Structures are given as C-alpha cells and as structure tokens.
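S.K.: Below is a structure I'd like to ask you about.
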Amino acid sequence: MAWESIILGCGEKSYGKNALHIDIKRTNTTDRIFDLNIRPWPLPDEATRLVVAEDILEHLDDILFTMEEIHRILKPKGVVRITTPHKDHPNSWHDPTHKWHLTEKSFDYFDPSTSFGKKYSFYTTKKFSIEKLKLEGGNIYLEMRKLPEVEWT
C-alpha cells in the first residue's frame with residue numbers, strides 16, 4: 001500500500017486521512033504502533049513520496065539508521081521534511097529524552113554535493129540532496145530529496 005505521506009513520531013498531530021501516522025504509543029491519531037529504533041521498519045519499500053519527521057530524530061538511537069530507513073520507504077525523488085531543535089537552543093537540552101543535539105550541518109553527510117558528504121561518502125550508500133534549510137525559533141527546518149542509491153567504490 002502507498003500513502004501520500006508517512007508521519008514518524010506523530011504524537012497527537014494529524015496530517016489527514018491519506019497519511020500514515022506512526023508512533024511508539026497509541027494516541028488519538030496513531031495508525032500504526034512500532035518502535036522506530038528497530039530495523040527494518042514494518043513498511044514496504046517505496047511506500048510514499050513524503051516522510052515527515054517533526055521533533056522525532058533527536059529521540060531515536062541512530063540517525064544514520066533512521067535516514068537509511070527513510071530512504072528505503074521513500075519513492076524515487078521522494079522528500080523528507082525534518083524539524084529538530086538546533087543544538088544551541090535550550091529546547092535541545094531541556095528534554096531528557098533527547099539523544100542528539102544537531103546543527104544545520106548534521107545532515108550534510110547525506111548530501112554528496114556538500115563538503116561533509118564528499119569527505120564522508122562511505123558513511124552510507126543512501127543519499128539525499130538538501131533542497132531547503134532554515135533556522136528559525138531555535139529549530140532546524142530541512143527538506144531533503146531522495147537520490148538514487150550509490151554503489152561502493
């Protein structure tokens with residue numbers, strides 16, 4: 001089955017009936033309950049054109065693993081929209097469940113056109129292009145487009 005969007009860590013947020021809302025616990029909007037730290041996610045390959053990850057990545061065990069799973073469930077040229085607190089903002093540090101404190105450069109490692117993406121291309125074969133990036137209100141807002149998987153050289 002394909003959805004218009006998949007919402008990771010939806011909490012109480014609703015993105016409409018054509019979205020699949022995922023969380024680790026039951027909420028008023030949750031469609032599926034599972035732990036995003038366990039791989040592989042119980043979702044088919046290329047299930048959607050849009051993944052929304054608002055205020056969830058900083059709670060998960062492994063950013064690299066998470067981005068690889070997002071890549072897997074996105075259709076070709078699909079988009080992931082990420083919101084996460086910037087590491088310099090107090091909100092990054094207040095929540096005791098935050099495991100990561102990220103910057104606007106943290107996702108450059110997935111984009112082969114950036115200096116970090118070039119230098120550390122061996123981190124993963126799952127690549128994205130950074131389409132939009134802004135810092136506002138202590139948050140990083142990021143939109144990344146799925147690129148075809150690269151071969152190890």
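Letters A, B, ... go to the chains of the structure tokens in the order shown; residues in each chain start at 1; ligands are counted from 1 in the same order.
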Show which residues sit within 6 Å of A:Thr48, as JSON, numbers by chain. Count only C-alpha atoms, and ignore same-chain residues fewer than 6 positions away.

M.R.: {"A": [2, 3, 4, 5, 74, 75]}

S.K.: Would you save the residues of that selection, restricted to N, CA and C atoms, as a compact mmCIF listing (two decimals), in the first residue's frame?

M.R.:
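File written: part-v1.txt
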# COMPACT_ATOMS: atom_id res chain seq x y z
N ALA A 2 0.42 2.27 -0.68
CA ALA A 2 1.15 3.56 -0.71
C ALA A 2 0.30 4.63 -0.02
N TRP A 3 0.98 5.49 0.69
CA TRP A 3 0.33 6.60 1.37
C TRP A 3 0.85 7.90 0.77
N GLU A 4 0.05 8.98 0.87
CA GLU A 4 0.53 10.29 0.42
C GLU A 4 1.71 10.73 1.27
N SER A 5 1.63 10.42 2.57
CA SER A 5 2.74 10.77 3.46
C SER A 5 2.77 9.79 4.63
N LEU A 74 10.89 5.84 0.95
CA LEU A 74 10.54 6.89 0.01
C LEU A 74 10.57 6.38 -1.43
N LYS A 75 9.62 6.83 -2.21
CA LYS A 75 9.64 6.57 -3.65
C LYS A 75 10.82 7.33 -4.26

S.K.: Using 10 Å as the limit and counting only C-alpha atoms, can you tabulate each residue of stretch 61-144 of chain A that touches stretch 12-36 of chain A, with its shortest atom-to-atom distance in Å and the two atoms involved, as JSON lines?

M.R.:
{"residue": "A:Asp61", "atom": "CA", "partner": "A:Leu36", "partner_atom": "CA", "distance": 8.9}
{"residue": "A:Asp62", "atom": "CA", "partner": "A:Leu36", "partner_atom": "CA", "distance": 9.7}
{"residue": "A:Phe65", "atom": "CA", "partner": "A:Leu36", "partner_atom": "CA", "distance": 9.7}
{"residue": "A:Thr66", "atom": "CA", "partner": "A:Leu36", "partner_atom": "CA", "distance": 7.6}
{"residue": "A:Glu69", "atom": "CA", "partner": "A:Leu36", "partner_atom": "CA", "distance": 9.3}

S.K.: Find the distance between atom CA of A:Leu64 and atom CA of A:Pro85 and write it in Å to one decimal.

M.R.: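 It comes out at 17.6 Å.
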
S.K.: Any idea what's packed within 12 Å of stretch 88-96 of chain A, counting only C-alpha atoms, ignoring anything in its chain fewer than 3 positions away? Could you give it as a list of chain:residue names?

M.R.: A:Asp55, A:Ile56, A:Leu57, A:Glu58, A:His59, A:Thr83, A:Thr84, A:Pro85, A:Lys99, A:Trp100, A:His101, A:Leu102, A:Thr103, A:Glu104, A:Leu135, A:Glu136, A:Gly137, A:Gly138, A:Asn139, A:Ile140

S.K.: Compare A:Pro76, A:Ala53, A:Lys118, A:Leu142 by their minimum atom-to-atom distance to A:Gly11, counting only C-alpha atoms, and give me the closest one.

M.R.: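 That would be A:Ala53, the residue with the smallest distance to A:Gly11.
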
S.K.: Select from chain A everything DSSP, run on the backbone, classes as strand (DSSP E or B), then give the selection as an NGL selection string.

M.R.: :A and (3 or 5-8 or 19-23 or 32-33 or 48-54 or 74-86 or 102 or 128-136 or 139-146)

S.K.: Once you have the residues from the selection above, write them out as a PDB file, in the first residue's frame, restricted to C-alpha atoms.

M.R.:
ATOM      1  CA  TRP A   3       0.328   6.605   1.367  1.00  0.00           C
ATOM      2  CA  SER A   5       2.737  10.770   3.462  1.00  0.00           C
ATOM      3  CA  ILE A   6       4.158   8.873   6.408  1.00  0.00           C
ATOM      4  CA  ILE A   7       4.395  10.766   9.687  1.00  0.00           C
ATOM      5  CA  LEU A   8       7.113   9.492  12.047  1.00  0.00           C
ATOM      6  CA  ALA A  19      -1.268   9.933   5.802  1.00  0.00           C
ATOM      7  CA  LEU A  20       0.044   7.018   7.825  1.00  0.00           C
ATOM      8  CA  HIS A  21       0.638   8.194  11.417  1.00  0.00           C
ATOM      9  CA  ILE A  22       3.275   6.197  13.312  1.00  0.00           C
ATOM     10  CA  ASP A  23       4.242   6.391  16.965  1.00  0.00           C
ATOM     11  CA  ARG A  32       0.465   2.076  13.476  1.00  0.00           C
ATOM     12  CA  ILE A  33       2.420   1.467  16.654  1.00  0.00           C
ATOM     13  CA  THR A  48       5.348   7.128  -0.048  1.00  0.00           C
ATOM     14  CA  ARG A  49       6.523  10.349  -1.709  1.00  0.00           C
ATOM     15  CA  LEU A  50       6.723  12.263   1.600  1.00  0.00           C
ATOM     16  CA  VAL A  51       8.051  11.429   5.056  1.00  0.00           C
ATOM     17  CA  VAL A  52       7.513  13.947   7.838  1.00  0.00           C
ATOM     18  CA  ALA A  53       9.889  13.721  10.814  1.00  0.00           C
ATOM     19  CA  GLU A  54       8.957  16.591  13.132  1.00  0.00           C
ATOM     20  CA  LEU A  74      10.539   6.893   0.007  1.00  0.00           C
ATOM     21  CA  LYS A  75       9.637   6.566  -3.651  1.00  0.00           C
ATOM     22  CA  PRO A  76      12.304   7.735  -6.123  1.00  0.00           C
ATOM     23  CA  LYS A  77      12.807  11.503  -5.772  1.00  0.00           C
ATOM     24  CA  GLY A  78      10.625  11.455  -2.640  1.00  0.00           C
ATOM     25  CA  VAL A  79      11.042  14.106   0.044  1.00  0.00           C
ATOM     26  CA  VAL A  80      11.669  14.018   3.778  1.00  0.00           C
ATOM     27  CA  ARG A  81      10.784  17.060   5.892  1.00  0.00           C
ATOM     28  CA  ILE A  82      12.712  17.241   9.135  1.00  0.00           C
ATOM     29  CA  THR A  83      12.251  19.544  12.112  1.00  0.00           C
ATOM     30  CA  THR A  84      14.630  19.254  15.048  1.00  0.00           C
ATOM     31  CA  PRO A  85      15.898  21.627  17.741  1.00  0.00           C
ATOM     32  CA  HIS A  86      19.227  23.311  17.000  1.00  0.00           C
ATOM     33  CA  LEU A 102      22.090  18.621  15.935  1.00  0.00           C
ATOM     34  CA  PHE A 128      19.722  12.840  -0.294  1.00  0.00           C
ATOM     35  CA  SER A 129      20.010  16.333  -1.698  1.00  0.00           C
ATOM     36  CA  ILE A 130      19.302  19.198   0.661  1.00  0.00           C
ATOM     37  CA  GLU A 131      16.581  21.223  -1.053  1.00  0.00           C
ATOM     38  CA  LYS A 132      15.636  23.667   1.724  1.00  0.00           C
ATOM     39  CA  LEU A 133      17.243  24.584   5.021  1.00  0.00           C
ATOM     40  CA  LYS A 134      16.341  27.283   7.509  1.00  0.00           C
ATOM     41  CA  LEU A 135      16.958  28.062  11.160  1.00  0.00           C
ATOM     42  CA  GLU A 136      14.036  29.670  12.915  1.00  0.00           C
ATOM     43  CA  ASN A 139      14.685  24.825  15.204  1.00  0.00           C
ATOM     44  CA  ILE A 140      16.272  23.410  12.094  1.00  0.00           C
ATOM     45  CA  TYR A 141      13.798  23.032   9.227  1.00  0.00           C
ATOM     46  CA  LEU A 142      15.083  20.827   6.457  1.00  0.00           C
ATOM     47  CA  GLU A 143      13.722  19.358   3.264  1.00  0.00           C
ATOM     48  CA  MET A 144      15.741  16.659   1.549  1.00  0.00           C
ATOM     49  CA  ARG A 145      15.082  14.780  -1.697  1.00  0.00           C
ATOM     50  CA  LYS A 146      15.956  11.103  -2.102  1.00  0.00           C
TER      51      LYS A 146
END
